[in-house]
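> Sending over run.cif (mmCIF, C-alpha atoms).
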```cif
data_entry
#
loop_
_atom_site.group_PDB
_atom_site.id
_atom_site.type_symbol
_atom_site.label_atom_id
_atom_site.label_comp_id
_atom_site.auth_asym_id
_atom_site.auth_seq_id
_atom_site.Cartn_x
_atom_site.Cartn_y
_atom_site.Cartn_z
ATOM 1 C CA MET A 1 89.775 106.376 44.835
ATOM 2 C CA SER A 2 86.911 104.091 43.919
ATOM 3 C CA THR A 3 83.803 103.759 46.082
ATOM 4 C CA LYS A 4 84.690 100.120 46.739
ATOM 5 C CA ASN A 5 88.093 101.079 48.133
ATOM 6 C CA LYS A 6 86.530 103.811 50.278
ATOM 7 C CA ILE A 7 84.090 101.259 51.769
ATOM 8 C CA ILE A 8 86.923 98.815 52.460
ATOM 9 C CA ILE A 9 88.985 101.539 54.194
ATOM 10 C CA ALA A 10 85.946 102.668 56.229
ATOM 11 C CA ILE A 11 85.216 99.099 57.355
ATOM 12 C CA ALA A 12 88.895 98.574 58.237
ATOM 13 C CA LEU A 13 88.925 101.813 60.264
ATOM 14 C CA ILE A 14 85.723 100.917 62.125
ATOM 15 C CA ALA A 15 87.094 97.433 62.852
ATOM 16 C CA ALA A 16 90.390 98.903 64.123
ATOM 17 C CA ILE A 17 88.567 101.375 66.392
ATOM 18 C CA ALA A 18 86.233 98.645 67.679
ATOM 19 C CA PHE A 19 89.199 96.384 68.386
ATOM 20 C CA GLY A 20 90.998 99.257 70.143
ATOM 21 C CA ILE A 21 87.991 99.919 72.394
ATOM 22 C CA TYR A 22 87.540 96.199 73.097
ATOM 23 C CA TYR A 23 91.243 95.812 73.899
ATOM 24 C CA TYR A 24 91.287 98.839 76.230
ATOM 25 C CA VAL A 25 88.072 97.939 78.071
ATOM 26 C CA PHE A 26 88.427 94.176 78.427
ATOM 27 C CA VAL A 27 92.117 93.305 78.060
ATOM 28 C CA TYR A 28 94.275 96.291 79.047
ATOM 29 C CA SER A 29 92.036 97.310 81.992
ATOM 30 C CA SER A 30 92.043 93.756 83.354
ATOM 31 C CA GLN A 31 95.823 93.483 83.175
ATOM 32 C CA HIS A 32 96.716 96.986 84.335
ATOM 33 C CA ARG A 33 95.472 97.836 87.793
ATOM 34 C CA ARG A 34 96.161 101.037 89.685
ATOM 35 C CA GLN A 35 99.661 100.872 91.168
ATOM 36 C CA VAL A 36 99.305 102.742 94.462
ATOM 37 C CA GLN A 37 102.900 101.867 95.348
ATOM 38 C CA SER A 38 104.266 103.890 92.446
ATOM 39 C CA GLU A 39 102.296 106.995 93.493
ATOM 40 C CA THR A 40 103.630 109.693 95.797
ATOM 41 C CA GLY A 41 102.020 109.080 99.183
ATOM 42 C CA ILE A 42 100.850 111.622 101.756
ATOM 43 C CA VAL A 43 103.067 111.089 104.814
ATOM 44 C CA ILE A 44 101.165 111.067 108.124
ATOM 45 C CA THR A 45 101.147 109.280 111.488
ATOM 46 C CA ALA A 46 98.326 106.861 112.330
ATOM 47 C CA ASP A 47 97.318 109.090 115.278
ATOM 48 C CA SER A 48 97.064 112.198 113.088
ATOM 49 C CA LEU A 49 95.096 110.395 110.380
ATOM 50 C CA VAL A 50 92.598 109.081 112.936
ATOM 51 C CA ALA A 51 92.357 112.503 114.621
ATOM 52 C CA LYS A 52 91.610 114.182 111.278
ATOM 53 C CA TYR A 53 88.828 111.685 110.527
ATOM 54 C CA GLN A 54 87.366 112.064 114.004
ATOM 55 C CA ALA A 55 87.454 115.861 113.823
ATOM 56 C CA ASP A 56 85.802 116.223 110.402
ATOM 57 C CA GLU A 57 85.195 113.128 108.279
ATOM 58 C CA LYS A 58 84.110 115.098 105.204
ATOM 59 C CA LEU A 59 87.211 117.270 105.283
ATOM 60 C CA ALA A 60 89.423 114.240 105.931
ATOM 61 C CA ASN A 61 87.862 112.438 102.967
ATOM 62 C CA SER A 62 88.615 115.419 100.753
ATOM 63 C CA LEU A 63 92.261 115.159 101.828
ATOM 64 C CA TYR A 64 92.871 111.391 101.961
ATOM 65 C CA LEU A 65 90.056 109.389 100.309
ATOM 66 C CA ASN A 66 91.285 107.425 97.280
ATOM 67 C CA LYS A 67 94.818 108.785 97.803
ATOM 68 C CA ALA A 68 98.085 106.979 98.463
ATOM 69 C CA VAL A 69 99.114 107.480 102.089
ATOM 70 C CA VAL A 70 102.283 106.580 103.990
ATOM 71 C CA VAL A 71 101.167 105.892 107.564
ATOM 72 C CA THR A 72 103.431 105.277 110.560
ATOM 73 C CA GLY A 73 102.200 103.800 113.823
ATOM 74 C CA VAL A 74 102.613 101.089 116.419
ATOM 75 C CA ILE A 75 101.260 97.652 115.487
ATOM 76 C CA LEU A 76 98.369 96.753 117.798
ATOM 77 C CA SER A 77 97.408 93.478 116.121
ATOM 78 C CA ILE A 78 98.348 91.263 113.177
ATOM 79 C CA ASP A 79 95.844 88.914 111.596
ATOM 80 C CA LYS A 80 94.689 87.361 108.304
ATOM 81 C CA ASN A 81 91.487 88.277 106.504
ATOM 82 C CA GLN A 82 89.084 85.728 104.991
ATOM 83 C CA GLU A 83 91.118 85.803 101.741
ATOM 84 C CA GLY A 84 94.330 85.005 103.634
ATOM 85 C CA LYS A 85 95.825 88.485 103.234
ATOM 86 C CA THR A 86 97.692 89.983 106.172
ATOM 87 C CA THR A 87 95.783 92.619 108.123
ATOM 88 C CA LEU A 88 97.143 95.026 110.725
ATOM 89 C CA VAL A 89 95.707 97.508 113.140
ATOM 90 C CA ILE A 90 98.116 100.356 113.817
ATOM 91 C CA GLY A 91 97.762 103.302 116.158
ATOM 92 C CA ARG A 92 97.453 103.619 119.916
ATOM 93 C CA SER A 93 96.134 100.942 122.265
ATOM 94 C CA ASP A 94 94.183 103.508 124.311
ATOM 95 C CA SER A 95 92.540 105.039 121.249
ATOM 96 C CA PHE A 96 88.865 104.401 120.442
ATOM 97 C CA SER A 97 89.680 104.296 116.720
ATOM 98 C CA ASN A 98 92.834 103.304 114.843
ATOM 99 C CA VAL A 99 94.045 102.535 111.327
ATOM 100 C CA SER A 100 93.014 99.174 109.876
ATOM 101 C CA VAL A 101 95.289 97.990 107.054
ATOM 102 C CA THR A 102 94.852 95.143 104.581
ATOM 103 C CA MET A 103 98.147 94.256 102.965
ATOM 104 C CA ILE A 104 98.345 93.650 99.220
ATOM 105 C CA SER A 105 99.715 90.143 99.684
ATOM 106 C CA THR A 106 99.383 87.088 101.888
ATOM 107 C CA ALA A 107 103.072 87.267 102.868
ATOM 108 C CA PRO A 108 103.656 87.666 106.594
ATOM 109 C CA ILE A 109 105.440 90.764 107.861
ATOM 110 C CA THR A 110 108.636 90.702 109.911
ATOM 111 C CA GLN A 111 107.521 93.346 112.414
ATOM 112 C CA LYS A 112 105.818 92.255 115.633
ATOM 113 C CA VAL A 113 102.975 93.639 117.719
ATOM 114 C CA GLY A 114 104.242 96.636 119.719
ATOM 115 C CA GLU A 115 106.816 97.637 117.088
ATOM 116 C CA SER A 116 106.527 100.706 114.888
ATOM 117 C CA ILE A 117 105.770 100.241 111.187
ATOM 118 C CA THR A 118 105.325 102.423 108.115
ATOM 119 C CA ILE A 119 102.783 101.286 105.534
ATOM 120 C CA LYS A 120 102.026 102.702 102.108
ATOM 121 C CA GLY A 121 98.549 102.029 100.792
ATOM 122 C CA LEU A 122 95.269 103.417 99.511
ATOM 123 C CA CYS A 123 92.968 105.213 101.942
ATOM 124 C CA THR A 124 89.372 104.127 101.313
ATOM 125 C CA GLY A 125 87.753 106.177 104.114
ATOM 126 C CA ALA A 126 86.686 105.479 107.678
ATOM 127 C CA LEU A 127 84.299 103.104 109.421
ATOM 128 C CA SER A 128 85.094 102.350 113.076
ATOM 129 C CA ASP A 129 88.762 102.646 111.986
ATOM 130 C CA VAL A 130 90.380 104.530 109.121
ATOM 131 C CA VAL A 131 90.770 101.901 106.387
ATOM 132 C CA ILE A 132 93.809 101.332 104.165
ATOM 133 C CA THR A 133 93.932 98.751 101.340
ATOM 134 C CA ASP A 134 96.751 97.452 99.120
ATOM 135 C CA GLY A 135 99.274 98.079 101.898
ATOM 136 C CA VAL A 136 103.007 97.360 101.647
ATOM 137 C CA VAL A 137 105.710 97.915 104.262
ATOM 138 C CA GLU A 138 107.814 100.977 103.403
ATOM 139 C CA MET B 1 64.030 97.517 164.724
ATOM 140 C CA ASN B 2 61.574 100.301 163.845
ATOM 141 C CA LEU B 3 59.605 100.595 160.598
ATOM 142 C CA ARG B 4 61.956 103.211 159.167
ATOM 143 C CA SER B 5 65.094 101.118 159.610
ATOM 144 C CA LYS B 6 63.239 98.028 158.302
ATOM 145 C CA LEU B 7 62.295 99.956 155.140
ATOM 146 C CA SER B 8 65.826 101.249 154.812
ATOM 147 C CA SER B 9 67.299 97.711 155.063
ATOM 148 C CA LYS B 10 64.756 96.463 152.527
ATOM 149 C CA SER B 11 65.646 99.280 150.103
ATOM 150 C CA ILE B 12 69.348 98.501 150.388
ATOM 151 C CA PHE B 13 68.641 94.798 149.820
ATOM 152 C CA ILE B 14 66.543 95.544 146.698
ATOM 153 C CA ALA B 15 69.236 97.890 145.390
ATOM 154 C CA ILE B 16 71.921 95.216 145.876
ATOM 155 C CA VAL B 17 69.806 92.535 144.129
ATOM 156 C CA PHE B 18 69.060 94.955 141.278
ATOM 157 C CA PHE B 19 72.746 95.870 140.924
ATOM 158 C CA ILE B 20 73.843 92.212 140.918
ATOM 159 C CA SER B 21 71.219 91.231 138.333
ATOM 160 C CA LEU B 22 72.175 94.242 136.175
ATOM 161 C CA THR B 23 75.855 93.297 136.378
ATOM 162 C CA GLN B 24 75.033 89.714 135.431
ATOM 163 C CA THR B 25 72.939 90.917 132.487
ATOM 164 C CA LEU B 26 75.785 93.133 131.306
ATOM 165 C CA ASN B 27 78.254 90.274 131.712
ATOM 166 C CA ALA B 28 75.963 87.897 129.846
ATOM 167 C CA GLN B 29 75.691 90.224 126.854
ATOM 168 C CA LYS B 30 78.422 89.678 124.304
ATOM 169 C CA VAL B 31 79.392 91.840 121.348
ATOM 170 C CA PHE B 32 80.844 89.994 118.359
ATOM 171 C CA ALA B 33 82.877 92.089 115.935
ATOM 172 C CA THR B 34 84.925 91.874 112.756
ATOM 173 C CA LYS B 35 86.700 94.397 110.572
ATOM 174 C CA SER B 36 87.490 91.947 107.796
ATOM 175 C CA GLY B 37 84.163 90.531 106.695
ATOM 176 C CA GLN B 38 83.558 89.787 103.022
ATOM 177 C CA ILE B 39 80.883 91.190 100.751
ATOM 178 C CA TYR B 40 80.389 90.231 97.109
ATOM 179 C CA PHE B 41 78.550 92.354 94.608
ATOM 180 C CA ASN B 42 77.332 91.013 91.277
ATOM 181 C CA ALA B 43 75.411 93.084 88.751
ATOM 182 C CA THR B 44 76.280 91.092 85.654
ATOM 183 C CA GLY B 45 73.962 92.128 82.841
ATOM 184 C CA ALA B 46 73.551 90.828 79.337
ATOM 185 C CA LEU B 47 77.144 90.080 78.407
ATOM 186 C CA VAL B 48 79.866 91.314 80.700
ATOM 187 C CA LYS B 49 80.750 90.056 84.181
ATOM 188 C CA ILE B 50 80.341 92.953 86.608
ATOM 189 C CA ALA B 51 81.364 91.669 90.013
ATOM 190 C CA ALA B 52 83.466 92.877 92.902
ATOM 191 C CA VAL B 53 84.546 91.867 96.371
ATOM 192 C CA ASN B 54 85.288 93.888 99.493
ATOM 193 C CA ASN B 55 87.226 92.246 102.328
ATOM 194 C CA GLN B 56 86.940 95.048 104.872
ATOM 195 C CA VAL B 57 83.371 94.836 106.083
ATOM 196 C CA ASP B 58 83.105 96.298 109.583
ATOM 197 C CA SER B 59 80.367 94.547 111.514
ATOM 198 C CA LYS B 60 79.188 94.064 115.084
ATOM 199 C CA PHE B 61 76.270 92.271 116.643
ATOM 200 C CA VAL B 62 75.006 91.770 120.179
ATOM 201 C CA ASP B 63 73.882 88.263 121.122
ATOM 202 C CA ALA B 64 71.394 89.378 123.780
ATOM 203 C CA THR B 65 69.447 91.874 121.673
ATOM 204 C CA GLY B 66 70.225 90.820 118.099
ATOM 205 C CA GLN B 67 71.255 94.364 117.243
ATOM 206 C CA ILE B 68 73.518 94.221 114.190
ATOM 207 C CA ILE B 69 75.421 96.706 112.053
ATOM 208 C CA PHE B 70 77.453 96.380 108.879
ATOM 209 C CA GLY B 71 79.558 99.126 107.307
ATOM 210 C CA VAL B 72 81.467 99.032 104.054
ATOM 211 C CA LEU B 73 83.552 101.547 102.133
ATOM 212 C CA ILE B 74 82.695 101.769 98.446
ATOM 213 C CA LYS B 75 86.302 102.441 97.394
ATOM 214 C CA GLY B 76 87.219 99.090 98.938
ATOM 215 C CA PHE B 77 85.330 97.081 96.273
ATOM 216 C CA LYS B 78 87.851 95.353 94.013
ATOM 217 C CA PHE B 79 86.888 94.474 90.444
ATOM 218 C CA GLU B 80 88.970 92.284 88.145
ATOM 219 C CA ASN B 81 88.820 95.132 85.652
ATOM 220 C CA GLN B 82 90.235 98.527 86.712
ATOM 221 C CA LEU B 83 88.071 100.451 84.247
ATOM 222 C CA MET B 84 84.910 98.882 85.671
ATOM 223 C CA GLU B 85 86.103 99.755 89.174
ATOM 224 C CA ASP B 86 86.638 103.374 88.136
ATOM 225 C CA HIS B 87 83.205 103.596 86.470
ATOM 226 C CA PHE B 88 81.557 101.914 89.485
ATOM 227 C CA ASN B 89 83.060 104.550 91.783
ATOM 228 C CA GLU B 90 82.774 107.631 89.604
ATOM 229 C CA ASN B 91 79.649 107.197 87.475
ATOM 230 C CA TYR B 92 77.389 104.931 89.512
ATOM 231 C CA MET B 93 78.167 104.907 93.249
ATOM 232 C CA GLU B 94 79.684 108.424 93.259
ATOM 233 C CA SER B 95 81.908 107.212 96.053
ATOM 234 C CA THR B 96 83.639 110.534 96.627
ATOM 235 C CA GLN B 97 80.275 111.996 97.652
ATOM 236 C CA TYR B 98 78.903 108.804 99.251
ATOM 237 C CA PRO B 99 81.974 106.904 100.491
ATOM 238 C CA LYS B 100 80.179 104.287 102.585
ATOM 239 C CA ALA B 101 77.159 102.024 102.705
ATOM 240 C CA ASP B 102 75.736 100.583 105.882
ATOM 241 C CA PHE B 103 73.043 98.420 107.378
ATOM 242 C CA LYS B 104 71.631 98.936 110.864
ATOM 243 C CA GLY B 105 69.025 96.592 112.249
ATOM 244 C CA TYR B 106 68.203 93.509 114.263
ATOM 245 C CA ILE B 107 68.359 89.752 113.963
ATOM 246 C CA THR B 108 64.697 89.369 114.868
ATOM 247 C CA ASN B 109 64.879 85.698 115.862
ATOM 248 C CA ILE B 110 68.080 85.972 117.931
ATOM 249 C CA LYS B 111 66.369 84.205 120.870
ATOM 250 C CA GLU B 112 66.200 81.016 118.778
ATOM 251 C CA ILE B 113 70.013 80.820 118.672
ATOM 252 C CA ASN B 114 71.732 78.793 121.353
ATOM 253 C CA PHE B 115 75.157 80.435 121.563
ATOM 254 C CA SER B 116 76.482 77.592 123.696
ATOM 255 C CA LYS B 117 75.719 74.981 121.024
ATOM 256 C CA ASP B 118 77.562 74.821 117.689
ATOM 257 C CA GLY B 119 75.441 74.521 114.567
ATOM 258 C CA ALA B 120 73.810 76.419 111.709
ATOM 259 C CA TYR B 121 70.880 78.629 112.660
ATOM 260 C CA PRO B 122 68.590 80.349 110.142
ATOM 261 C CA ILE B 123 68.268 84.062 110.901
ATOM 262 C CA GLN B 124 65.875 86.802 109.881
ATOM 263 C CA VAL B 125 67.233 90.320 109.684
ATOM 264 C CA GLU B 126 65.296 93.567 109.559
ATOM 265 C CA GLY B 127 66.672 97.047 109.345
ATOM 266 C CA THR B 128 67.712 100.000 107.219
ATOM 267 C CA LEU B 129 70.131 99.686 104.338
ATOM 268 C CA THR B 130 71.772 102.913 103.230
ATOM 269 C CA ILE B 131 73.511 102.982 99.854
ATOM 270 C CA HIS B 132 74.402 106.063 97.801
ATOM 271 C CA GLY B 133 72.961 108.235 100.563
ATOM 272 C CA VAL B 134 69.499 106.644 100.232
ATOM 273 C CA ALA B 135 68.065 104.700 103.189
ATOM 274 C CA GLN B 136 65.549 101.900 102.601
ATOM 275 C CA LYS B 137 63.881 99.539 105.044
ATOM 276 C CA THR B 138 64.796 95.973 104.202
ATOM 277 C CA THR B 139 64.372 92.416 105.431
ATOM 278 C CA THR B 140 66.421 89.404 104.515
ATOM 279 C CA LYS B 141 67.268 85.899 105.609
ATOM 280 C CA GLY B 142 70.610 84.341 106.299
ATOM 281 C CA THR B 143 72.463 81.767 108.345
ATOM 282 C CA LEU B 144 74.398 82.161 111.551
ATOM 283 C CA THR B 145 76.844 79.304 112.017
ATOM 284 C CA LEU B 146 78.547 78.678 115.327
ATOM 285 C CA ALA B 147 81.808 76.724 115.230
ATOM 286 C CA GLN B 148 83.653 76.383 118.530
ATOM 287 C CA GLY B 149 81.516 79.248 119.767
ATOM 288 C CA LYS B 150 82.682 81.593 116.980
ATOM 289 C CA PRO B 151 79.870 82.918 114.795
ATOM 290 C CA THR B 152 79.836 83.356 111.014
ATOM 291 C CA ILE B 153 76.964 85.159 109.336
ATOM 292 C CA GLU B 154 76.176 84.434 105.703
ATOM 293 C CA GLY B 155 73.417 85.971 103.671
ATOM 294 C CA GLU B 156 72.370 86.772 100.138
ATOM 295 C CA PHE B 157 69.916 89.390 98.991
ATOM 296 C CA ASN B 158 69.010 91.447 95.953
ATOM 297 C CA VAL B 159 69.174 95.202 95.714
ATOM 298 C CA LYS B 160 67.202 97.118 93.090
ATOM 299 C CA ILE B 161 69.856 99.556 91.932
ATOM 300 C CA LYS B 162 67.444 102.356 90.999
ATOM 301 C CA ASP B 163 65.782 102.225 94.462
ATOM 302 C CA TYR B 164 68.962 103.797 95.807
ATOM 303 C CA GLY B 165 69.036 106.682 93.363
ATOM 304 C CA ILE B 166 71.796 105.089 91.295
ATOM 305 C CA SER B 167 71.423 105.886 87.655
ATOM 306 C CA GLY B 168 73.513 105.209 84.610
ATOM 307 C CA MET B 169 73.023 104.548 80.945
ATOM 308 C CA TYR B 170 73.874 100.834 81.112
ATOM 309 C CA ILE B 171 71.539 99.838 83.977
ATOM 310 C CA GLY B 172 69.045 97.292 82.715
ATOM 311 C CA ASP B 173 71.298 96.443 79.774
ATOM 312 C CA LYS B 174 74.973 95.682 80.392
ATOM 313 C CA ILE B 175 74.362 96.156 84.115
ATOM 314 C CA ALA B 176 71.546 94.191 85.750
ATOM 315 C CA ASN B 177 68.593 96.062 87.302
ATOM 316 C CA GLN B 178 69.184 94.127 90.513
ATOM 317 C CA ALA B 179 72.538 93.527 92.112
ATOM 318 C CA VAL B 180 73.074 90.313 94.048
ATOM 319 C CA ILE B 181 74.823 90.951 97.351
ATOM 320 C CA LYS B 182 76.463 88.070 99.208
ATOM 321 C CA LEU B 183 77.782 88.536 102.696
ATOM 322 C CA ASN B 184 80.148 86.350 104.682
ATOM 323 C CA CYS B 185 81.365 87.685 108.021
ATOM 324 C CA LYS B 186 83.459 85.642 110.433
ATOM 325 C CA TYR B 187 83.358 87.248 113.861
#
```
Please go through the file and, once you have read it, give me the structure as structure tokens.

Amino acid sequence: MSTKNKIIIAIALIAAIAFGIYYYVFVYSSQHRRQVQSETGIVITADSLVAKYQADEKLANSLYLNKAVVVTGVILSIDKNQEGKTTLVIGRSDSFSNVSVTMISTAPITQKVGESITIKGLCTGALSDVVITDGVVE
Amino acid sequence: MNLRSKLSSKSIFIAIVFFISLTQTLNAQKVFATKSGQIYFNATGALVKIAAVNNQVDSKFVDATGQIIFGVLIKGFKFENQLMEDHFNENYMESTQYPKADFKGYITNIKEINFSKDGAYPIQVEGTLTIHGVAQKTTTKGTLTLAQGKPTIEGEFNVKIKDYGISGMYIGDKIANQAVIKLNCKY
């Protein structure tokens, strides 16, 4: 193989690798987001999740942070956030802390305040409530 | 009535007045809260847009004292690009180790706000901002807008990324040295 051909092949390879990296970083990663709904969720009640965070936040984070969770509880309030997405607080009305959920979409839910609901979403940790994002009704 | 019973009556009267005024003070004080405030983060460097939004800011403030807190979970920041989000969490913010950032402080000119009159009021905020486990004293300005008695706080400030012990090979190049933080909380 001539030197000229070797240079052409090397340039073609470098260009292909560069394109591959560019495609993965800027195109594929923009179009393919994490699909929490397709992951196996940790099944837990809202009360238990809150109790675990209140007992030991560090331990609870090691168990639930950045993980898909399937949380069941009574709806205490239904609202919209500043982006128009549906938000819920689920848990117990006499509890100091509950589970605050932001749904993945702006679509309203059929359940009403006082009814039980099961939500699958991503646990992002705890502030005054345990926080779930990307929620969908199970 | 002897001196002792006069003193006793006076003490009871003072105690009642004190209790009533305390009750009124407590009633007058109002705590505004939200769990769905917005915070934008922009650290766009030389070429690539590096920006994210978090719609789950937990914030409270007290109108009487100006005491204010904001809390945000790092995993709740959403980027357009999943890979950037992963790098932001794993390589820069180390959000498994430091899952939250918060600000605790005071609106120092809270007395200038008339909570019974709608309008936009400039505010000055002083306090401690903790990011990546590092606490720094900070001051910033913003606006508190009252519409039908409901407050919205908006503010914008810069954060020097390295001041908070955040390091990474692209800071100062693809990632700006200073991140612009925009806050919009409807209470």
> Compute the set of chain A residues within 9 Å of chain B, using all atoms listed in the file, and express it as an mmCIF file with C-alpha atoms, keeping the file's coordinate frame.

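Saved result, part_33.cif, follows:
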```
data_model
loop_
_atom_site.group_PDB
_atom_site.id
_atom_site.type_symbol
_atom_site.label_atom_id
_atom_site.label_comp_id
_atom_site.auth_asym_id
_atom_site.auth_seq_id
_atom_site.Cartn_x
_atom_site.Cartn_y
_atom_site.Cartn_z
ATOM 1 C CA TYR A 24 91.287 98.839 76.230
ATOM 2 C CA VAL A 25 88.072 97.939 78.071
ATOM 3 C CA PHE A 26 88.427 94.176 78.427
ATOM 4 C CA VAL A 27 92.117 93.305 78.060
ATOM 5 C CA TYR A 28 94.275 96.291 79.047
ATOM 6 C CA SER A 29 92.036 97.310 81.992
ATOM 7 C CA SER A 30 92.043 93.756 83.354
ATOM 8 C CA GLN A 31 95.823 93.483 83.175
ATOM 9 C CA HIS A 32 96.716 96.986 84.335
ATOM 10 C CA ARG A 33 95.472 97.836 87.793
ATOM 11 C CA ARG A 34 96.161 101.037 89.685
ATOM 12 C CA ASN A 61 87.862 112.438 102.967
ATOM 13 C CA SER A 62 88.615 115.419 100.753
ATOM 14 C CA LEU A 65 90.056 109.389 100.309
ATOM 15 C CA ASN A 66 91.285 107.425 97.280
ATOM 16 C CA LYS A 80 94.689 87.361 108.304
ATOM 17 C CA ASN A 81 91.487 88.277 106.504
ATOM 18 C CA GLN A 82 89.084 85.728 104.991
ATOM 19 C CA GLU A 83 91.118 85.803 101.741
ATOM 20 C CA THR A 87 95.783 92.619 108.123
ATOM 21 C CA SER A 100 93.014 99.174 109.876
ATOM 22 C CA THR A 102 94.852 95.143 104.581
ATOM 23 C CA CYS A 123 92.968 105.213 101.942
ATOM 24 C CA THR A 124 89.372 104.127 101.313
ATOM 25 C CA GLY A 125 87.753 106.177 104.114
ATOM 26 C CA ALA A 126 86.686 105.479 107.678
ATOM 27 C CA LEU A 127 84.299 103.104 109.421
ATOM 28 C CA SER A 128 85.094 102.350 113.076
ATOM 29 C CA ASP A 129 88.762 102.646 111.986
ATOM 30 C CA VAL A 131 90.770 101.901 106.387
ATOM 31 C CA ILE A 132 93.809 101.332 104.165
ATOM 32 C CA THR A 133 93.932 98.751 101.340
#
```
> Using all atoms listed in the file for the distances, tell me which of A:Ile90, A:Val36, A:Val43, A:Ile9 is nearest to A:Ile75.
A:Ile90
> Evaluate the PyMOL selection byres ((chain A and resi 52) around 12) on the structure here and hand back the selected residues as JSON, numbers by chain.
{"A": [44, 45, 46, 47, 48, 49, 50, 51, 53, 54, 55, 56, 57, 58, 59, 60, 61, 62, 63, 64, 97, 98, 99, 125, 126, 129, 130]}
> Go ahead and save the residues from that selection, with C-alpha atoms, as a PDB file, in the frame of the given file.

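Output below, filename selection-v4.pdb:
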```
ATOM      1  CA  ILE A  44     101.165 111.067 108.124  1.00  0.00           C
ATOM      2  CA  THR A  45     101.147 109.280 111.488  1.00  0.00           C
ATOM      3  CA  ALA A  46      98.326 106.861 112.330  1.00  0.00           C
ATOM      4  CA  ASP A  47      97.318 109.090 115.278  1.00  0.00           C
ATOM      5  CA  SER A  48      97.064 112.198 113.088  1.00  0.00           C
ATOM      6  CA  LEU A  49      95.096 110.395 110.380  1.00  0.00           C
ATOM      7  CA  VAL A  50      92.598 109.081 112.936  1.00  0.00           C
ATOM      8  CA  ALA A  51      92.357 112.503 114.621  1.00  0.00           C
ATOM      9  CA  TYR A  53      88.828 111.685 110.527  1.00  0.00           C
ATOM     10  CA  GLN A  54      87.366 112.064 114.004  1.00  0.00           C
ATOM     11  CA  ALA A  55      87.454 115.861 113.823  1.00  0.00           C
ATOM     12  CA  ASP A  56      85.802 116.223 110.402  1.00  0.00           C
ATOM     13  CA  GLU A  57      85.195 113.128 108.279  1.00  0.00           C
ATOM     14  CA  LYS A  58      84.110 115.098 105.204  1.00  0.00           C
ATOM     15  CA  LEU A  59      87.211 117.270 105.283  1.00  0.00           C
ATOM     16  CA  ALA A  60      89.423 114.240 105.931  1.00  0.00           C
ATOM     17  CA  ASN A  61      87.862 112.438 102.967  1.00  0.00           C
ATOM     18  CA  SER A  62      88.615 115.419 100.753  1.00  0.00           C
ATOM     19  CA  LEU A  63      92.261 115.159 101.828  1.00  0.00           C
ATOM     20  CA  TYR A  64      92.871 111.391 101.961  1.00  0.00           C
ATOM     21  CA  SER A  97      89.680 104.296 116.720  1.00  0.00           C
ATOM     22  CA  ASN A  98      92.834 103.304 114.843  1.00  0.00           C
ATOM     23  CA  VAL A  99      94.045 102.535 111.327  1.00  0.00           C
ATOM     24  CA  GLY A 125      87.753 106.177 104.114  1.00  0.00           C
ATOM     25  CA  ALA A 126      86.686 105.479 107.678  1.00  0.00           C
ATOM     26  CA  ASP A 129      88.762 102.646 111.986  1.00  0.00           C
ATOM     27  CA  VAL A 130      90.380 104.530 109.121  1.00  0.00           C
TER      28      VAL A 130
END
```
> For atom CA of B:Ala43 and atom CA of B:Glu90, determine how far apart the two atoms are, in Å to one decimal place.
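According to the coordinates, atom CA of B:Ala43 and atom CA of B:Glu90 are separated by 16.3 Å.
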> Grab the atom CA of A:Val137 to atom CA of B:Ala52 distance for me, in Å with one decimal place.
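Atom-to-atom, atom CA of A:Val137 to atom CA of B:Ala52, that is 25.5 Å.
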> Distance atom CA of B:Thr65-atom CA of B:Ile153, one decimal place?
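Computed distance, atom CA of B:Thr65 to atom CA of B:Ile153, equals 15.9 Å.
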> Can you list, as a ChimeraX atom specification, every protein, DNA or RNA residue that comes within 12 Å of B:Asp163 when you count all atoms listed in the file, leaving out same-chain residues fewer than 5 positions away?
/B:129-138,158,177-179
> For the file shown, report as a list in words the outcome of the PyMOL selection byres ((chain B and resi 125) around 8) at residue level.
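Evaluating the PyMOL selection byres ((chain B and resi 125) around 8) on this file yields Gly105, Tyr106, Ile107, Thr108, Ile123, Gln124, Glu126, Gly127, Thr139, Thr140, Lys141 and Gly142 of chain B.
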